[in-house]
>>> print(open('upload15.cif').read())   # mmCIF, C-alpha atoms
data_structure
loop_
_atom_site.label_atom_id
_atom_site.label_comp_id
_atom_site.auth_asym_id
_atom_site.auth_seq_id
_atom_site.Cartn_x
_atom_site.Cartn_y
_atom_site.Cartn_z
CA MET T 1 -12.70 23.19 -16.70
CA PHE T 2 -14.39 26.53 -16.10
CA GLN T 3 -13.25 29.97 -17.10
CA VAL T 4 -13.85 32.01 -13.96
CA PHE T 5 -14.75 35.69 -14.18
CA ALA T 6 -14.83 38.07 -11.24
CA SER T 7 -17.90 40.16 -10.63
CA THR T 8 -17.82 43.88 -9.93
CA PRO T 9 -20.18 45.70 -7.55
CA GLU T 10 -22.57 48.04 -9.35
CA SER T 11 -21.48 50.88 -7.08
CA MET T 12 -17.77 50.59 -7.93
CA GLY T 13 -16.55 53.68 -9.74
CA PRO T 14 -13.52 54.75 -11.79
CA GLY T 15 -11.45 55.47 -8.69
CA ALA T 16 -11.51 51.85 -7.54
CA ILE T 17 -11.85 49.74 -10.68
CA GLY T 18 -8.12 49.62 -11.48
CA ALA T 19 -7.19 48.16 -8.10
CA HIS T 20 -10.17 45.80 -8.36
CA ALA T 21 -8.90 44.49 -11.71
CA GLN T 22 -5.37 44.03 -10.39
CA ARG T 23 -6.69 42.14 -7.39
CA ALA T 24 -8.79 39.90 -9.65
CA GLU T 25 -5.71 39.14 -11.72
CA ALA T 26 -3.68 38.32 -8.61
CA LEU T 27 -6.44 36.00 -7.36
CA GLY T 28 -6.21 33.94 -10.56
CA PHE T 29 -9.44 34.96 -12.28
CA ASP T 30 -9.54 34.56 -16.06
CA GLY T 31 -11.56 37.70 -16.56
CA LEU T 32 -13.62 40.49 -15.09
CA GLN T 33 -17.18 41.59 -15.78
CA VAL T 34 -17.89 45.28 -15.27
CA PRO T 35 -21.42 46.63 -14.90
CA ASP T 36 -23.13 49.51 -16.69
CA ALA T 37 -25.38 50.83 -13.96
CA VAL T 38 -24.24 53.51 -11.55
CA HIS T 39 -21.14 54.27 -13.64
CA ASP T 40 -20.35 54.04 -17.35
CA GLY T 41 -19.48 50.48 -18.37
CA LEU T 42 -17.15 51.40 -21.23
CA LEU T 43 -15.15 53.74 -19.01
CA LEU T 44 -14.86 51.06 -16.33
CA ALA T 45 -13.76 48.51 -18.94
CA ALA T 46 -11.08 50.87 -20.26
CA MET T 47 -9.65 51.44 -16.81
CA ALA T 48 -9.74 47.74 -15.90
CA LEU T 49 -7.95 46.81 -19.13
CA HIS T 50 -5.33 49.50 -18.59
CA ALA T 51 -4.66 48.30 -15.02
CA SER T 52 -4.34 44.59 -15.92
CA GLU T 53 -2.08 42.53 -18.13
CA ARG T 54 -3.88 39.27 -18.96
CA LEU T 55 -7.51 39.61 -17.78
CA LEU T 56 -10.31 39.42 -20.27
CA VAL T 57 -12.66 42.31 -19.50
CA GLY T 58 -16.29 42.39 -20.59
CA THR T 59 -19.27 44.63 -20.05
CA GLY T 60 -21.96 42.69 -18.27
CA VAL T 61 -24.09 44.23 -19.66
CA LEU T 62 -23.89 47.55 -21.50
CA VAL T 63 -27.31 49.15 -21.96
CA ALA T 64 -27.57 49.21 -25.74
CA PHE T 65 -30.52 51.29 -26.90
CA PRO T 66 -29.54 54.70 -25.47
CA ARG T 67 -26.22 54.41 -27.35
CA SER T 68 -25.72 54.44 -31.12
CA PRO T 69 -24.10 51.26 -32.43
CA MET T 70 -21.49 53.50 -34.08
CA THR T 71 -20.38 55.12 -30.81
CA VAL T 72 -20.23 51.69 -29.16
CA ALA T 73 -18.30 50.26 -32.11
CA VAL T 74 -15.70 53.04 -31.96
CA ALA T 75 -15.21 52.54 -28.22
CA ALA T 76 -15.07 48.74 -28.53
CA TRP T 77 -12.55 48.98 -31.39
CA ASP T 78 -10.29 51.24 -29.32
CA LEU T 79 -10.58 49.00 -26.24
CA GLN T 80 -9.76 45.90 -28.27
CA HIS T 81 -6.78 47.59 -29.89
CA MET T 82 -5.28 49.05 -26.72
CA SER T 83 -5.70 45.80 -24.76
CA GLY T 84 -4.29 43.47 -27.41
CA GLY T 85 -7.56 41.62 -27.86
CA ARG T 86 -8.80 41.30 -24.27
CA PHE T 87 -12.16 43.09 -24.59
CA GLU T 88 -15.63 41.51 -24.83
CA LEU T 89 -18.75 43.52 -25.54
CA GLY T 90 -21.76 42.44 -23.49
CA LEU T 91 -25.06 44.10 -24.45
CA GLY T 92 -28.52 44.17 -22.94
CA THR T 93 -31.86 45.86 -23.40
CA GLN T 94 -32.77 46.85 -19.82
CA ILE T 95 -36.52 47.37 -19.34
CA LYS T 96 -38.93 49.69 -21.12
CA GLN T 97 -39.45 52.04 -18.19
CA ASN T 98 -35.72 52.64 -17.78
CA ILE T 99 -35.08 53.12 -21.48
CA GLU T 100 -37.91 55.62 -21.88
CA GLU T 101 -37.91 57.37 -18.51
CA ARG T 102 -34.32 57.10 -17.25
CA TYR T 103 -32.53 57.49 -20.59
CA SER T 104 -35.27 59.24 -22.63
CA ALA T 105 -34.46 56.81 -25.45
CA ARG T 106 -36.63 54.84 -27.87
CA TRP T 107 -38.07 51.44 -27.02
CA ASP T 108 -39.58 49.84 -30.11
CA SER T 109 -39.44 46.08 -30.52
CA PRO T 110 -36.54 44.97 -28.31
CA VAL T 111 -35.82 41.60 -29.95
CA PRO T 112 -35.53 42.77 -33.58
CA GLN T 113 -33.94 46.02 -32.40
CA LEU T 114 -31.16 44.22 -30.52
CA ARG T 115 -30.73 41.79 -33.44
CA GLU T 116 -30.09 44.70 -35.77
CA TYR T 117 -27.84 46.29 -33.17
CA VAL T 118 -25.58 43.23 -33.19
CA GLN T 119 -25.71 42.93 -36.98
CA SER T 120 -24.89 46.61 -37.46
CA LEU T 121 -21.93 46.33 -35.08
CA ARG T 122 -20.59 43.45 -37.16
CA ALA T 123 -21.00 45.52 -40.34
CA ILE T 124 -19.17 48.45 -38.76
CA PHE T 125 -16.35 46.24 -37.45
CA HIS T 126 -15.99 44.69 -40.92
CA SER T 127 -15.69 48.12 -42.51
CA PHE T 128 -13.18 49.24 -39.87
CA GLN T 129 -10.99 46.23 -40.59
CA SER T 130 -11.33 45.88 -44.35
CA GLY T 131 -11.75 49.46 -45.46
CA GLU T 132 -14.77 48.43 -47.52
CA LYS T 133 -17.75 50.76 -47.83
CA LEU T 134 -20.01 50.68 -44.79
CA HIS T 135 -23.49 49.52 -45.68
CA PHE T 136 -26.13 48.31 -43.26
CA GLU T 137 -29.80 49.09 -43.67
CA GLY T 138 -32.44 47.69 -41.37
CA GLU T 139 -35.73 48.69 -39.85
CA HIS T 140 -34.17 50.22 -36.73
CA TYR T 141 -30.61 51.17 -37.79
CA ARG T 142 -29.02 52.47 -40.97
CA PHE T 143 -25.28 52.97 -41.49
CA THR T 144 -24.12 54.00 -44.96
CA ARG T 145 -21.49 56.67 -44.33
CA LEU T 146 -17.93 56.41 -43.03
CA GLN T 147 -15.66 59.09 -44.45
CA PRO T 148 -11.87 58.53 -44.53
CA PHE T 149 -11.46 61.15 -41.78
CA PHE T 150 -13.39 58.92 -39.34
CA TYR T 151 -11.90 55.60 -40.47
CA PRO T 152 -9.88 54.08 -37.57
CA GLY T 153 -8.11 51.44 -39.64
CA PRO T 154 -7.48 47.73 -39.06
CA ILE T 155 -6.28 46.23 -35.79
CA GLU T 156 -4.43 43.03 -34.90
CA ASN T 157 -7.40 41.37 -33.10
CA PRO T 158 -10.48 42.47 -35.04
CA HIS T 159 -12.92 39.86 -33.71
CA ILE T 160 -14.67 41.45 -30.74
CA PRO T 161 -16.98 38.92 -29.09
CA VAL T 162 -20.51 40.29 -28.84
CA LEU T 163 -22.45 38.72 -25.97
CA CYS T 164 -26.05 39.49 -25.04
CA GLY T 165 -28.13 39.22 -21.94
CA ALA T 166 -31.43 37.41 -22.44
CA VAL T 167 -34.38 36.24 -20.36
CA GLY T 168 -37.47 35.72 -22.53
CA PRO T 169 -37.94 33.03 -25.20
CA ALA T 170 -37.76 35.23 -28.30
CA MET T 171 -34.71 37.12 -27.04
CA THR T 172 -32.92 33.90 -26.13
CA ARG T 173 -33.56 32.37 -29.56
CA MET T 174 -32.36 35.57 -31.22
CA VAL T 175 -29.15 35.56 -29.15
CA GLY T 176 -28.54 31.96 -30.19
CA ALA T 177 -28.94 32.99 -33.81
CA VAL T 178 -26.68 36.06 -34.00
CA ALA T 179 -24.49 36.56 -30.89
CA ASP T 180 -21.21 35.00 -29.78
CA GLY T 181 -22.61 34.18 -26.37
CA MET T 182 -25.30 34.75 -23.77
CA ILE T 183 -24.91 36.21 -20.30
CA THR T 184 -27.50 34.67 -18.01
CA HIS T 185 -29.51 36.65 -15.51
CA PRO T 186 -29.12 35.51 -11.87
CA THR T 187 -32.74 34.34 -11.88
CA ASN T 188 -32.05 32.03 -14.82
CA THR T 189 -29.23 29.97 -13.34
CA PRO T 190 -30.83 26.91 -11.68
CA PRO T 191 -29.51 23.93 -13.66
CA GLU T 192 -33.06 22.70 -14.26
CA TYR T 193 -33.94 26.01 -15.89
CA ILE T 194 -30.82 25.97 -18.05
CA ARG T 195 -31.50 22.41 -19.26
CA GLN T 196 -35.25 22.66 -19.75
CA VAL T 197 -35.61 26.26 -20.92
CA CYS T 198 -32.41 28.12 -21.90
CA LEU T 199 -30.60 25.45 -23.90
CA PRO T 200 -33.59 24.40 -26.07
CA ARG T 201 -34.23 28.04 -26.93
CA LEU T 202 -30.57 28.63 -27.80
CA ARG T 203 -30.51 25.50 -29.97
CA ALA T 204 -33.57 26.77 -31.81
CA GLY T 205 -31.64 29.97 -32.47
CA PHE T 206 -28.62 28.03 -33.69
CA ALA T 207 -30.83 26.10 -36.11
CA ARG T 208 -32.22 29.32 -37.63
CA THR T 209 -28.78 30.34 -38.87
CA GLY T 210 -27.24 26.90 -39.37
CA ARG T 211 -24.81 27.13 -36.44
CA ASP T 212 -23.71 24.08 -34.49
CA GLY T 213 -23.22 26.19 -31.36
CA SER T 214 -19.78 24.76 -30.60
CA ASP T 215 -18.22 28.21 -30.37
CA PHE T 216 -21.11 29.77 -28.42
CA ARG T 217 -20.31 31.01 -24.90
CA LEU T 218 -22.96 30.51 -22.23
CA ILE T 219 -21.92 32.61 -19.24
CA LEU T 220 -23.46 31.69 -15.91
CA GLY T 221 -23.86 34.42 -13.31
CA PRO T 222 -25.47 32.77 -10.27
CA LEU T 223 -25.85 34.40 -6.91
CA ILE T 224 -23.30 32.54 -4.78
CA ALA T 225 -23.05 32.34 -0.98
CA THR T 226 -19.48 31.57 0.00
CA GLY T 227 -16.88 32.58 2.54
CA ARG T 228 -14.14 31.44 4.86
CA ASP T 229 -16.42 29.60 7.30
CA ALA T 230 -20.02 28.61 7.95
CA ALA T 231 -20.84 31.93 9.58
CA ALA T 232 -19.63 33.86 6.55
CA VAL T 233 -21.62 31.58 4.21
CA SER T 234 -24.74 32.08 6.31
CA ALA T 235 -24.34 35.86 6.15
CA GLN T 236 -24.02 35.74 2.36
CA TRP T 237 -27.02 33.39 2.18
CA GLU T 238 -29.18 35.99 3.89
CA LYS T 239 -27.78 38.76 1.70
CA GLN T 240 -28.79 36.78 -1.40
CA ARG T 241 -32.25 36.24 0.06
CA GLY T 242 -32.73 40.00 -0.08
CA MET T 243 -31.32 40.18 -3.60
CA LEU T 244 -33.70 37.48 -4.86
CA GLY T 245 -36.61 39.30 -3.28
CA PHE T 246 -35.65 42.49 -5.12
CA LEU T 247 -35.10 40.73 -8.46
CA TYR T 248 -38.35 38.78 -8.38
CA SER T 249 -40.38 41.90 -7.77
CA THR T 250 -39.92 42.43 -11.53
CA PRO T 251 -42.46 40.37 -13.57
CA ALA T 252 -40.04 39.90 -16.47
CA TYR T 253 -37.99 37.57 -14.25
CA TRP T 254 -40.89 35.35 -13.16
CA PRO T 255 -40.51 32.52 -15.74
CA SER T 256 -37.98 30.70 -13.56
CA LEU T 257 -40.34 31.02 -10.59
CA GLU T 258 -43.09 29.51 -12.70
CA LEU T 259 -40.94 26.49 -13.56
CA PHE T 260 -40.90 25.57 -9.88
CA GLY T 261 -44.52 26.53 -9.17
CA TRP T 262 -43.75 29.70 -7.21
CA GLN T 263 -45.71 32.21 -9.31
CA ASP T 264 -47.44 33.51 -6.18
CA LYS T 265 -44.09 34.62 -4.76
CA GLY T 266 -43.56 37.01 -7.63
CA ARG T 267 -47.03 38.50 -7.24
CA GLN T 268 -46.48 38.97 -3.51
CA LEU T 269 -43.15 40.71 -4.10
CA LEU T 270 -44.64 43.00 -6.76
CA GLU T 271 -47.39 44.00 -4.35
CA LEU T 272 -44.78 44.87 -1.72
CA THR T 273 -43.07 47.24 -4.16
CA ARG T 274 -46.38 48.97 -4.84
CA GLU T 275 -46.84 49.42 -1.12
CA GLY T 276 -43.27 50.67 -0.68
CA ARG T 277 -42.45 47.77 1.67
CA TRP T 278 -39.00 47.02 0.30
CA GLN T 279 -37.73 45.94 3.71
CA ASP T 280 -40.25 43.09 3.87
CA MET T 281 -39.22 41.37 0.63
CA SER T 282 -36.78 38.94 2.24
CA GLU T 283 -39.63 37.35 4.19
CA ILE T 284 -41.22 36.12 0.95
CA VAL T 285 -38.11 34.23 -0.18
CA THR T 286 -38.06 30.79 1.44
CA ASP T 287 -35.09 28.54 2.18
CA GLU T 288 -36.40 26.16 -0.49
CA MET T 289 -36.16 28.94 -3.06
CA LEU T 290 -32.64 29.79 -1.96
CA GLU T 291 -31.59 26.16 -2.33
CA ARG T 292 -32.73 26.26 -5.96
CA PHE T 293 -31.19 29.59 -6.88
CA VAL T 294 -28.15 30.16 -4.66
CA PRO T 295 -25.30 27.61 -4.52
CA ARG T 296 -23.50 27.83 -1.19
CA GLY T 297 -20.43 26.47 0.58
CA THR T 298 -17.20 27.59 2.18
CA TYR T 299 -14.20 28.37 0.03
CA ASP T 300 -13.05 24.79 0.66
CA GLU T 301 -16.38 23.43 -0.59
CA ILE T 302 -17.72 25.80 -3.22
CA ALA T 303 -15.75 24.54 -6.25
CA ASP T 304 -17.20 21.05 -5.77
CA VAL T 305 -20.68 22.50 -5.26
CA LEU T 306 -20.50 24.50 -8.49
CA ARG T 307 -18.95 21.64 -10.46
CA GLU T 308 -21.71 19.25 -9.40
CA ARG T 309 -24.36 21.84 -10.20
CA TYR T 310 -23.12 23.11 -13.56
CA ALA T 311 -20.76 20.54 -15.11
CA GLY T 312 -21.58 20.10 -18.78
CA LEU T 313 -23.88 23.12 -18.93
CA ALA T 314 -21.39 25.94 -19.50
CA ALA T 315 -17.69 26.63 -19.65
CA ARG T 316 -17.69 30.02 -17.93
CA ILE T 317 -18.99 31.18 -14.57
CA THR T 318 -18.79 34.39 -12.55
CA PHE T 319 -17.56 34.18 -8.98
CA PRO T 320 -17.72 36.83 -6.25
CA MET T 321 -14.62 38.71 -5.19
CA PRO T 322 -14.08 38.46 -1.42
CA GLU T 323 -15.37 41.51 0.40
CA ASP T 324 -12.46 41.25 2.86
CA PRO T 325 -8.94 41.07 1.35
CA ALA T 326 -8.01 38.85 4.30
CA ASP T 327 -10.02 36.13 2.53
CA ASP T 328 -8.05 36.39 -0.72
CA ALA T 329 -5.89 33.31 -0.11
CA PRO T 330 -8.75 30.81 0.46
CA ALA T 331 -10.74 32.45 -2.34
CA ALA T 332 -7.77 32.08 -4.72
CA ALA T 333 -7.58 28.39 -3.83
CA ALA T 334 -11.28 28.00 -4.62
CA ILE T 335 -10.85 29.77 -7.94
CA ALA T 336 -7.91 27.51 -8.86
CA ARG T 337 -9.96 24.40 -8.06
CA LEU T 338 -12.88 25.70 -10.08
CA ARG T 339 -10.64 26.45 -13.08
CA ALA T 340 -9.20 22.95 -12.86
CA ALA T 341 -12.59 21.26 -12.43
#
>>> encode(input="upload15.cif", output="structure tokens")
Amino acid sequence: MFQVFASTPESMGPGAIGAHAQRAEALGFDGLQVPDAVHDGLLLAAMALHASERLLVGTGVLVAFPRSPMTVAVAAWDLQHMSGGRFELGLGTQIKQNIEERYSARWDSPVPQLREYVQSLRAIFHSFQSGEKLHFEGEHYRFTRLQPFFYPGPIENPHIPVLCGAVGPAMTRMVGAVADGMITHPTNTPPEYIRQVCLPRLRAGFARTGRDGSDFRLILGPLIATGRDAAAVSAQWEKQRGMLGFLYSTPAYWPSLELFGWQDKGRQLLELTREGRWQDMSEIVTDEMLERFVPRGTYDEIADVLRERYAGLAARITFPMPEDPADDAPAAAAIARLRAA
């Protein structure tokens, strides 16, 4: 059985997120992931939680380093309280250029910095719930002051799951050691990559802190090509070809290419970005690559495709919301089959 989370387009803003959450709930999704890209992820999460009644809502993923762990902790505490325990905090590092040049924030050592970020959040949450003195001192973060005026007090559901995005080996091991779960990147979702690369790294992280990993949540976010009929699937297939071309122009995402011997594809795509030839990227992505990275099938087929591909690897998967509300009924049937798989 899979938990099935709906995805949210990066461009979706506060004016549309409430209706999007209600539609996801009506379609039978277990939860909703909201991005932190064009619009603020915490604001989108608040509005999605307010508009829904049972959906879990998580940030997938909130850019951590430009935000103080304290400001994130306060927001997460409020979201968890007002939703009755339906909020999940997904965090990620982004890339150095964005942190320094888009946010004008500090990029030090991302793995130990994110580790301390998670640890400091836990210390803050503990102080919020227990009333005990706040004390966390690390290399990157220090929290030793929480006056009674700023103390929010305990809540009914104090455990806020902290999930992290990870790609590289050190980050993945760290997430296995300290986080409640990992949100995969779309480039890291071939089952071969999960088995041969992601899971061994996570298990190494579990071993560092003596965890058995039974309560760890691995969240798969593959690019999926689905629709009412073969023509709709084919259109989505080509759309995902363009998305893969864009993603693999970033060297940080090349490890999964290397697993299949396609390192040259990444170099070609990077060169196209340097030449400003964004429109030519799709030509580099072959059908063979798409077969590896993009599961496809009609709404009648896709649950079986995903079950065959991912059974035993994870208990949660994201699934695309239909672009056309006329497709809601067959999509809802697919979601129900996937949840029952």
>>> closest_atom_pairs(input="upload15.cif", of="region 158-223 of chain T", to="region 292-309 of chain T", cutoff="12 Å", atoms="all atoms listed in the file", output="Markdown table")
| residue | atom | partner | partner_atom | distance |
| --- | --- | --- | --- | --- |
| T:His185 | CA | T:Phe293 | CA | 11.3 |
| T:Pro186 | CA | T:Phe293 | CA | 8.0 |
| T:Thr187 | CA | T:Phe293 | CA | 7.1 |
| T:Asn188 | CA | T:Phe293 | CA | 8.4 |
| T:Thr189 | CA | T:Phe293 | CA | 6.8 |
| T:Pro190 | CA | T:Phe293 | CA | 5.5 |
| T:Pro191 | CA | T:Arg309 | CA | 6.5 |
| T:Glu192 | CA | T:Arg292 | CA | 9.0 |
| T:Tyr193 | CA | T:Arg292 | CA | 10.0 |
| T:Ile194 | CA | T:Arg309 | CA | 11.0 |
| T:Arg195 | CA | T:Arg309 | CA | 11.5 |
| T:Leu220 | CA | T:Leu306 | CA | 10.7 |
| T:Gly221 | CA | T:Val294 | CA | 10.6 |
| T:Pro222 | CA | T:Val294 | CA | 6.7 |
| T:Leu223 | CA | T:Val294 | CA | 5.3 |
>>> closest_residue(input="upload15.cif", among="T:Ala170, T:Ala334, T:Leu269, T:Met281", to="Thr226 (chain T)", atoms="only C-alpha atoms")
T:Ala334
>>> resolve_selection(input="upload15.cif", expression="the PyMOL selection byres ((chain T and resi 325) around 12)", output="MDAnalysis selection string")
chainID T and resid 19:20 23:24 26:27 227:228 321:324 326:332
>>> resolve_selection(input="upload15.cif", expression="the PyMOL selection byres ((chain T and resi 141) around 10)", output="PyMOL selection string")
chain T and resi 68-69+113+116-117+119-120+136-140+142-143
>>> resolve_selection(input="upload15.cif", expression="the PyMOL selection byres ((chain T and resi 121) around 12)", output="VMD selection string")
chain T and resid 64 67 to 77 89 91 114 to 120 122 to 128 134 to 137 141 to 143 159 to 163 178 to 179
>>> write_last_selection(input="upload15.cif", atoms="C-alpha atoms", output="short mmCIF file (atom, residue, chain, number, x, y, z; two decimals), in the coordinates of the input")
data_model
loop_
_atom_site.label_atom_id
_atom_site.label_comp_id
_atom_site.auth_asym_id
_atom_site.auth_seq_id
_atom_site.Cartn_x
_atom_site.Cartn_y
_atom_site.Cartn_z
CA ALA T 64 -27.57 49.21 -25.74
CA ARG T 67 -26.22 54.41 -27.35
CA SER T 68 -25.72 54.44 -31.12
CA PRO T 69 -24.10 51.26 -32.43
CA MET T 70 -21.49 53.50 -34.08
CA THR T 71 -20.38 55.12 -30.81
CA VAL T 72 -20.23 51.69 -29.16
CA ALA T 73 -18.30 50.26 -32.11
CA VAL T 74 -15.70 53.04 -31.96
CA ALA T 75 -15.21 52.54 -28.22
CA ALA T 76 -15.07 48.74 -28.53
CA TRP T 77 -12.55 48.98 -31.39
CA LEU T 89 -18.75 43.52 -25.54
CA LEU T 91 -25.06 44.10 -24.45
CA LEU T 114 -31.16 44.22 -30.52
CA ARG T 115 -30.73 41.79 -33.44
CA GLU T 116 -30.09 44.70 -35.77
CA TYR T 117 -27.84 46.29 -33.17
CA VAL T 118 -25.58 43.23 -33.19
CA GLN T 119 -25.71 42.93 -36.98
CA SER T 120 -24.89 46.61 -37.46
CA ARG T 122 -20.59 43.45 -37.16
CA ALA T 123 -21.00 45.52 -40.34
CA ILE T 124 -19.17 48.45 -38.76
CA PHE T 125 -16.35 46.24 -37.45
CA HIS T 126 -15.99 44.69 -40.92
CA SER T 127 -15.69 48.12 -42.51
CA PHE T 128 -13.18 49.24 -39.87
CA LEU T 134 -20.01 50.68 -44.79
CA HIS T 135 -23.49 49.52 -45.68
CA PHE T 136 -26.13 48.31 -43.26
CA GLU T 137 -29.80 49.09 -43.67
CA TYR T 141 -30.61 51.17 -37.79
CA ARG T 142 -29.02 52.47 -40.97
CA PHE T 143 -25.28 52.97 -41.49
CA HIS T 159 -12.92 39.86 -33.71
CA ILE T 160 -14.67 41.45 -30.74
CA PRO T 161 -16.98 38.92 -29.09
CA VAL T 162 -20.51 40.29 -28.84
CA LEU T 163 -22.45 38.72 -25.97
CA VAL T 178 -26.68 36.06 -34.00
CA ALA T 179 -24.49 36.56 -30.89
#
>>> atom_distance(input="upload15.cif", atom1="CA of Glu101 (chain T)", atom2="CA of Thr172 (chain T)")
25.2 Å
>>> atom_distance(input="upload15.cif", atom1="CA of Trp278 (chain T)", atom2="CA of Tyr248 (chain T)")
12.0 Å
>>> residues_near_point(input="upload15.cif", point="(-27.8, 25.5, -33.3)", cutoff="12 Å", atoms="only C-alpha atoms", output="MDAnalysis selection string")
chainID T and resid 173:179 199:216
>>> residues_around(input="upload15.cif", residues="Ile317 (chain T)", least_positions_apart="6", cutoff="7 Å", atoms="all atoms listed in the file", output="ChimeraX atom specification")
/T:2-5,219-221
>>> atom_distance(input="upload15.cif", atom1="CA of Arg267 (chain T)", atom2="CA of Trp107 (chain T)")
25.3 Å
>>> axis_aligned_box(input="upload15.cif", around="region 64-72 of chain T", padding_each_side="4 Å", output="AutoDock Vina command-line options")
--center_x -25.4 --center_y 52.2 --center_z -29.8 --size_x 18.3 --size_y 13.9 --size_z 16.6
>>> residues_around(input="upload15.cif", residues="Gly58 (chain T)", least_positions_apart="3", cutoff="6 Å", atoms="all atoms listed in the file", output="list in words")
Gln33, Phe87, Glu88 and Leu89 of chain T
>>> residues_around(input="upload15.cif", residues="Leu43 (chain T)", least_positions_apart="3", cutoff="12 Å", atoms="only C-alpha atoms", output="list in words")
Met12, Gly13, Pro14, Gly15, Ile17, Gly18, Val34, Pro35, Asp36, Ala37, Val38, His39, Asp40, Ala46, Met47, Ala48, Leu49, His50, Val57, Gly58, Thr59, Leu62, Val72, Ala75, Ala76, Asp78 and Leu79 of chain T
>>> write_last_selection(input="upload15.cif", atoms="C-alpha atoms", output="PDB file, keeping the file's coordinate frame")
ATOM      1  CA  MET T  12     -17.770  50.590  -7.930  1.00  0.00           C
ATOM      2  CA  GLY T  13     -16.550  53.680  -9.740  1.00  0.00           C
ATOM      3  CA  PRO T  14     -13.520  54.750 -11.790  1.00  0.00           C
ATOM      4  CA  GLY T  15     -11.450  55.470  -8.690  1.00  0.00           C
ATOM      5  CA  ILE T  17     -11.850  49.740 -10.680  1.00  0.00           C
ATOM      6  CA  GLY T  18      -8.120  49.620 -11.480  1.00  0.00           C
ATOM      7  CA  VAL T  34     -17.890  45.280 -15.270  1.00  0.00           C
ATOM      8  CA  PRO T  35     -21.420  46.630 -14.900  1.00  0.00           C
ATOM      9  CA  ASP T  36     -23.130  49.510 -16.690  1.00  0.00           C
ATOM     10  CA  ALA T  37     -25.380  50.830 -13.960  1.00  0.00           C
ATOM     11  CA  VAL T  38     -24.240  53.510 -11.550  1.00  0.00           C
ATOM     12  CA  HIS T  39     -21.140  54.270 -13.640  1.00  0.00           C
ATOM     13  CA  ASP T  40     -20.350  54.040 -17.350  1.00  0.00           C
ATOM     14  CA  ALA T  46     -11.080  50.870 -20.260  1.00  0.00           C
ATOM     15  CA  MET T  47      -9.650  51.440 -16.810  1.00  0.00           C
ATOM     16  CA  ALA T  48      -9.740  47.740 -15.900  1.00  0.00           C
ATOM     17  CA  LEU T  49      -7.950  46.810 -19.130  1.00  0.00           C
ATOM     18  CA  HIS T  50      -5.330  49.500 -18.590  1.00  0.00           C
ATOM     19  CA  VAL T  57     -12.660  42.310 -19.500  1.00  0.00           C
ATOM     20  CA  GLY T  58     -16.290  42.390 -20.590  1.00  0.00           C
ATOM     21  CA  THR T  59     -19.270  44.630 -20.050  1.00  0.00           C
ATOM     22  CA  LEU T  62     -23.890  47.550 -21.500  1.00  0.00           C
ATOM     23  CA  VAL T  72     -20.230  51.690 -29.160  1.00  0.00           C
ATOM     24  CA  ALA T  75     -15.210  52.540 -28.220  1.00  0.00           C
ATOM     25  CA  ALA T  76     -15.070  48.740 -28.530  1.00  0.00           C
ATOM     26  CA  ASP T  78     -10.290  51.240 -29.320  1.00  0.00           C
ATOM     27  CA  LEU T  79     -10.580  49.000 -26.240  1.00  0.00           C
TER      28      LEU T  79
END
>>> closest_atom_pairs(input="upload15.cif", of="region 33-104 of chain T", to="region 249-254 of chain T", cutoff="12 Å", atoms="all atoms listed in the file", output="JSON lines")
{"residue": "T:Gln94", "atom": "CA", "partner": "T:Ala252", "partner_atom": "CA", "distance": 10.6}
{"residue": "T:Ile95", "atom": "CA", "partner": "T:Ala252", "partner_atom": "CA", "distance": 8.7}
{"residue": "T:Lys96", "atom": "CA", "partner": "T:Ala252", "partner_atom": "CA", "distance": 10.9}
{"residue": "T:Gln97", "atom": "CA", "partner": "T:Thr250", "partner_atom": "CA", "distance": 11.7}
>>> closest_residue(input="upload15.cif", among="T:Arg217, T:His81, T:Arg102, T:Arg277", to="Pro154 (chain T)", atoms="all atoms listed in the file")
T:His81
>>> closest_residue(input="upload15.cif", among="T:Asn98, T:Thr93, T:Ser83, T:Ser104", to="Pro158 (chain T)", atoms="all atoms listed in the file")
T:Ser83
>>> residues_around(input="upload15.cif", residues="Ala6 (chain T)", least_positions_apart="2", cutoff="6 Å", atoms="all atoms listed in the file", output="PyMOL selection string")
chain T and resi 32+318-320
>>> build_atoms(input="upload15.cif", residues="region 178-184 of chain T", atoms="N, CA and C atoms", output="PDB file, in the frame of the given file")
ATOM      1  N   VAL T 178     -27.588  35.029 -33.475  1.00  0.00           N
ATOM      2  CA  VAL T 178     -26.680  36.060 -34.000  1.00  0.00           C
ATOM      3  C   VAL T 178     -25.501  36.407 -33.093  1.00  0.00           C
ATOM      4  N   ALA T 179     -25.537  36.097 -31.804  1.00  0.00           N
ATOM      5  CA  ALA T 179     -24.490  36.560 -30.890  1.00  0.00           C
ATOM      6  C   ALA T 179     -23.413  35.508 -30.691  1.00  0.00           C
ATOM      7  N   ASP T 180     -22.301  35.930 -30.098  1.00  0.00           N
ATOM      8  CA  ASP T 180     -21.210  35.000 -29.780  1.00  0.00           C
ATOM      9  C   ASP T 180     -21.436  34.306 -28.450  1.00  0.00           C
ATOM     10  N   GLY T 181     -22.355  34.806 -27.655  1.00  0.00           N
ATOM     11  CA  GLY T 181     -22.610  34.180 -26.370  1.00  0.00           C
ATOM     12  C   GLY T 181     -23.770  34.840 -25.666  1.00  0.00           C
ATOM     13  N   MET T 182     -24.195  34.222 -24.564  1.00  0.00           N
ATOM     14  CA  MET T 182     -25.300  34.750 -23.770  1.00  0.00           C
ATOM     15  C   MET T 182     -24.869  34.852 -22.310  1.00  0.00           C
ATOM     16  N   ILE T 183     -25.166  35.988 -21.707  1.00  0.00           N
ATOM     17  CA  ILE T 183     -24.910  36.210 -20.300  1.00  0.00           C
ATOM     18  C   ILE T 183     -26.223  35.979 -19.558  1.00  0.00           C
ATOM     19  N   THR T 184     -26.257  34.987 -18.704  1.00  0.00           N
ATOM     20  CA  THR T 184     -27.500  34.670 -18.010  1.00  0.00           C
ATOM     21  C   THR T 184     -27.800  35.704 -16.937  1.00  0.00           C
TER      22      THR T 184
END
